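**Student:** Below is one structure. I have some questions about it.
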2 protein chains.
Amino acid sequence: VIAFTDRATATADQPGVVEGRRPSPRRPHVGIVGGGQLARMTAQAAVPLGIEVTVLDPDPAAPASGAGARVRVGDPARLEHLVALARSVDVVTFDHELVPIDHVRALEEQGFVVAPGAGVAELAFDKSVARRRLAEAGFPVPRAVVATSPAEVVAAGARLGWPVVVKAVRGGYDGRGVAMVAGPTEARTAAELLGPEVVVEEHVDFDGELAVMVARSRSGQIVCYPPVTTVQADGMCAEVVAPAAVSPRTEADARELAAGLADAFGLVGVMAVELFAVGERLVVNEVATRPHNTAHLTIEAAETSQFAQHLRAVLDWPLGATALRAPAAAMCNVVGPADGSDPADRLARALEVPGAHVHLYGKAARPGRKLGHVTALGATPEAALATARAAAARLS
Amino acid sequence: VIAFTDRATATADQPGVVEGRRPSPRRPHVGIVGGGQLARMTAQAAVPLGIEVTVLDPDPAAPASGAGARVRVGDPARLEHLVALARSVDVVTFDHELVPIDHVRALEEQGFVVAPGAGVAELAFDKSVARRRLAEAGFPVPRAVVATSPAEVVAAGARLGWPVVVKAVRGGYDGRGVAMVAGPTEARTAAELLGPEVVVEEHVDFDGELAVMVARSRSGQIVCYPPVTTVQADGMCAEVVAPAAVSPRTEADARELAAGLADAFGLVGVMAVELFAVGERLVVNEVATRPHNTAHLTIEAAETSQFAQHLRAVLDWPLGATALRAPAAAMCNVVGPADGSDPADRLARALEVPGAHVHLYGKAARPGRKLGHVTALGATPEAALATARAAAARLS
């Protein structure tokens, strides 16, 4: 194995096998729970800043392992594995939400630095808690009911008015764990698939979807990126365009809303706020308390990428400038095609498209799986999107 | 050790200990001779393109090891170590010139893919050969004489006219191996320190120094980056500004000269051409057949960084766009201060400067050693330089 054993923390119950270089004790050291593409791109941003990164992941060949991060092989759902990670780093942060929120709380209680802390992470980890706390704090959210049985889902649908959106409370991502249901029969099916506990929400008939990335450092500095327009396909983010096609007033409202959320809940790190635009009104759809697909274009398009910003925030360093470097930018995801082929095999053809920035995640190709993305800058959103789409089409 | 043994190539004479992740056999695999900051930044550019990188370096903790590259521990001056690297990768390229050019030739003769090949690499590896071949091919170079004894150096100085520049034929870098000498006494000292074989060149009384980065792929595609102005301090590149402060005609001449060199010598990869501007006339000072300090600003300032471009070229992929993304950009090197302190310890203060992009190389701090650089974009060269200088000053 390409590994060293971390003797300081290895016991029968705590995983001590770490794949990768031995960390330098002189450098800041960030631990990430999960080693997927977000951890991979965070590890890339860590290199020029001299930050050591260790990820906790069951797979020693997780995407982050290809970008200079070491992998602590373990299970993010087991507290003792989280503790072993926390002991070896300066701060613990997250690549995904598949962690019991009580474990996050336990790490904090044991004195480890966790960013974001459980108080804000639960907005992303638990949709039931999120809906309640956002509404209590006065943020605009869809009307929603928590249901714990098929009958309660049907009753909630009748009360809110069909169609409704049924969401698993925990563990959903990329459209998984979410169902739009038209009536009682579909509601029962959704309740059985996603339950027992689900959130039932009114369907918001939005004019558009946008997202705002906000960062807050431990000492309270807050910066927002320009809002972006997002286009979903099958519940998965497919395309993102910056700046968002909204009025200056809506743009200002979106930034204010995101900064208000970061402040109200004591965010440390970055947070993506996904919004529905209904006329001039904004409604919070989802929040993710980590780097997010809707801000991948910040790697090329912003002065500071969301990944570098997240590192600065969790280490309590000064936050970076968020202005766009170009009049417009666009991002398209690269998803595994139905025939099972690997987009990486078509990379050279995609690189023929001038100005296309291809990011591959080093993941095995599977139909429907996010395997990479393409970003392009442009004089207009349309020009940037055309470039990004052209390269993404050559890959997929 | 964090290492695996490459059984396919390990013998008593060939180093088989490789530090890092096991490479994926499905991905393109680039081998780099040397694991310094250039290899580190090349490894960073390799991550989003899904390229595996292995460096050959005596130090398992070489800078590239922190950026996802694996390290084959070995000596770049030993042919059997170079062969072991070449056997494990698709193409061999270089981080530095401290390799006997005959070894490069031997690798090619054994059928390995080497980029650049010895025919062009020797322009950078051997200053005596470079001067002769550049002059024979009709490129503008300073008048120069090869000398092999102090007496010959003195005679050359008398012939060319004092002062002259005396250069070690091999192994110089960052101002080491070069001396400006005013007369016979200094000439003898320089000959003893840098000899026995040295190149004695006329001193060119230049109006300015510029550099052009050119890339050529195996199949002959050539692209040039916009010429940059370079400022040297103690013979080491200190600051770079883009675009160069030269007339449109000089800019066009510089690009044409660089493209002509790439074409004439069959470059594969990137090449930095450092030029003296004397009025409207250009004279070739040095060439480096690898990524170069004068093009570090392409990471943020160009559509395609020099590192991604080098990878594309050596893998014979389509070359990327070279246009600047901003009206101007500037780079300042971060050098270890005289007090021996580590600029990395002052990183947070440097990050307070908006728009400064800090790159640390993960090297131990030593006075005078290049430890990193800072790049900034701006509306004007002056604005970009002010930002980069402000952050670099906080680090040094």
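Identifiers for the structure tokens are assigned positionally: chains receive A, B, ... in sequence, residues are indexed from 1 per chain, and ligands are indexed from 1 in the order shown.
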Could you give me, as a VMD selection string, each residue of stretch 106-195 of chain B that DSSP assigns to strand (DSSP E) when run on this structure's backbone?

**Tutor:** chain B and resid 144 to 147 164 to 168 178 to 181

**Student:** Could you turn the residues from that selection into a file that holds C-alpha atoms, as an mmCIF file, in the first residue's frame?

**Tutor:**
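Below you can see selection_34.cif, which holds the result:
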```
data_model
loop_
_atom_site.group_PDB
_atom_site.id
_atom_site.type_symbol
_atom_site.label_atom_id
_atom_site.label_comp_id
_atom_site.auth_asym_id
_atom_site.auth_seq_id
_atom_site.Cartn_x
_atom_site.Cartn_y
_atom_site.Cartn_z
ATOM 1 C CA ALA B 144 30.384 35.353 -28.234
ATOM 2 C CA VAL B 145 33.528 33.265 -27.884
ATOM 3 C CA VAL B 146 33.978 29.914 -26.166
ATOM 4 C CA ALA B 147 36.993 29.935 -23.843
ATOM 5 C CA VAL B 164 31.927 41.209 -21.116
ATOM 6 C CA VAL B 165 29.604 38.581 -19.684
ATOM 7 C CA VAL B 166 31.135 35.250 -18.697
ATOM 8 C CA LYS B 167 28.770 32.278 -18.435
ATOM 9 C CA ALA B 168 29.257 28.707 -17.271
ATOM 10 C CA VAL B 178 26.924 34.210 -14.842
ATOM 11 C CA ALA B 179 29.358 37.063 -14.155
ATOM 12 C CA MET B 180 29.672 40.542 -15.618
ATOM 13 C CA VAL B 181 33.399 41.320 -15.777
#
```

**Student:** Provide as a PyMOL selection string the residues of chain A at most 8 Å from chain B, counting only C-alpha atoms.

**Tutor:** chain A and resi 1-4+19-22+44+47-50+65-69+300+303-304+317-321+325-326+344+347-349+351-352+354-355+358-362

**Student:** Give me, as a ChimeraX atom specification, all polymer residues having an atom no more than 7 Å from B:Ala365, counting only C-alpha atoms and skipping those fewer than 5 positions away in the same chain.

**Tutor:** /B:336,340-342,371

**Student:** Write a file of the selected residues as a compact mmCIF listing (two decimals), in the first residue's frame, keeping N, CA, C and O atoms.

**Tutor:**
```
# COMPACT_ATOMS: atom_id res chain seq x y z
N GLY B 336 13.51 34.15 -0.27
CA GLY B 336 13.78 34.04 1.16
C GLY B 336 14.55 35.24 1.67
O GLY B 336 15.59 35.59 1.11
N GLY B 340 16.41 34.77 7.24
CA GLY B 340 16.13 33.35 7.29
C GLY B 340 14.69 33.00 7.62
O GLY B 340 14.32 31.83 7.69
N SER B 341 13.84 34.02 7.82
CA SER B 341 12.44 33.75 8.17
C SER B 341 11.69 33.21 6.96
O SER B 341 12.14 33.32 5.82
N ASP B 342 10.53 32.59 7.23
CA ASP B 342 9.77 31.92 6.18
C ASP B 342 8.58 32.79 5.75
O ASP B 342 7.68 33.05 6.55
N LEU B 371 11.01 31.14 -3.22
CA LEU B 371 10.08 30.35 -2.41
C LEU B 371 8.65 30.43 -2.91
O LEU B 371 7.78 29.68 -2.47
```

**Student:** Pick out each residue of stretch 128-194 of chain B that DSSP on the backbone tags as alpha helix (DSSP H); I need them as number ranges by chain.

**Tutor:** B: 128-136, 150-160, 184-194

**Student:** Between A:Pro327, A:Gly235, A:Pro226, A:Gly368, which is the closest to A:Ala383 once you count only C-alpha atoms?

**Tutor:**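 Result for the nearest residue to A:Ala383: A:Pro327.
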
**Student:** Extract, using only C-alpha atoms, all DNA, RNA and protein residues at most 7 Å from stretch 98-100 of chain A, discarding same-chain residues fewer than 6 positions from it, and format them as a list of chain:residue names.

**Tutor:**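 Residues meeting the cut-off are A:Pro76, A:Ala77, A:Gly171.
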
**Student:** Using only C-alpha atoms, which protein or nucleic acid residues come within 12 Å of B:Ala272? Drop anything in the same chain fewer than 5 positions from it, and give the result as number ranges by chain.

**Tutor:** B: 121, 123-124, 210-216, 224-228, 230, 254-255, 257-259, 261-262, 267, 284-296, 306, 310

**Student:** So that I can check the surroundings of stretch 236-244 of chain A, please list as a VMD selection string every protein, DNA and RNA residue that reaches within 6 Å of it, counting only C-alpha atoms and ignoring chain neighbours fewer than 5 positions away.

**Tutor:** chain A and resid 174 to 175 227 to 231 328 to 333

**Student:** Atom CA of B:Ala118 and atom CA of B:Ile101 are how many Å apart?

**Tutor:**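 According to the coordinates, atom CA of B:Ala118 and atom CA of B:Ile101 are separated by 6.4 Å.
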
**Student:** Between atom CA of B:Ala264 and atom CA of B:Ile222, what is the distance, to one decimal in Å?

**Tutor:**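 A separation of 11.7 Å between them.
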
**Student:** Which residue, A:Ala386, A:Val113, A:Pro142, A:Arg369, has the smallest gap to A:Ser88 when you use only C-alpha atoms?

**Tutor:**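 So, comparing all the options, the nearest one is A:Val113.
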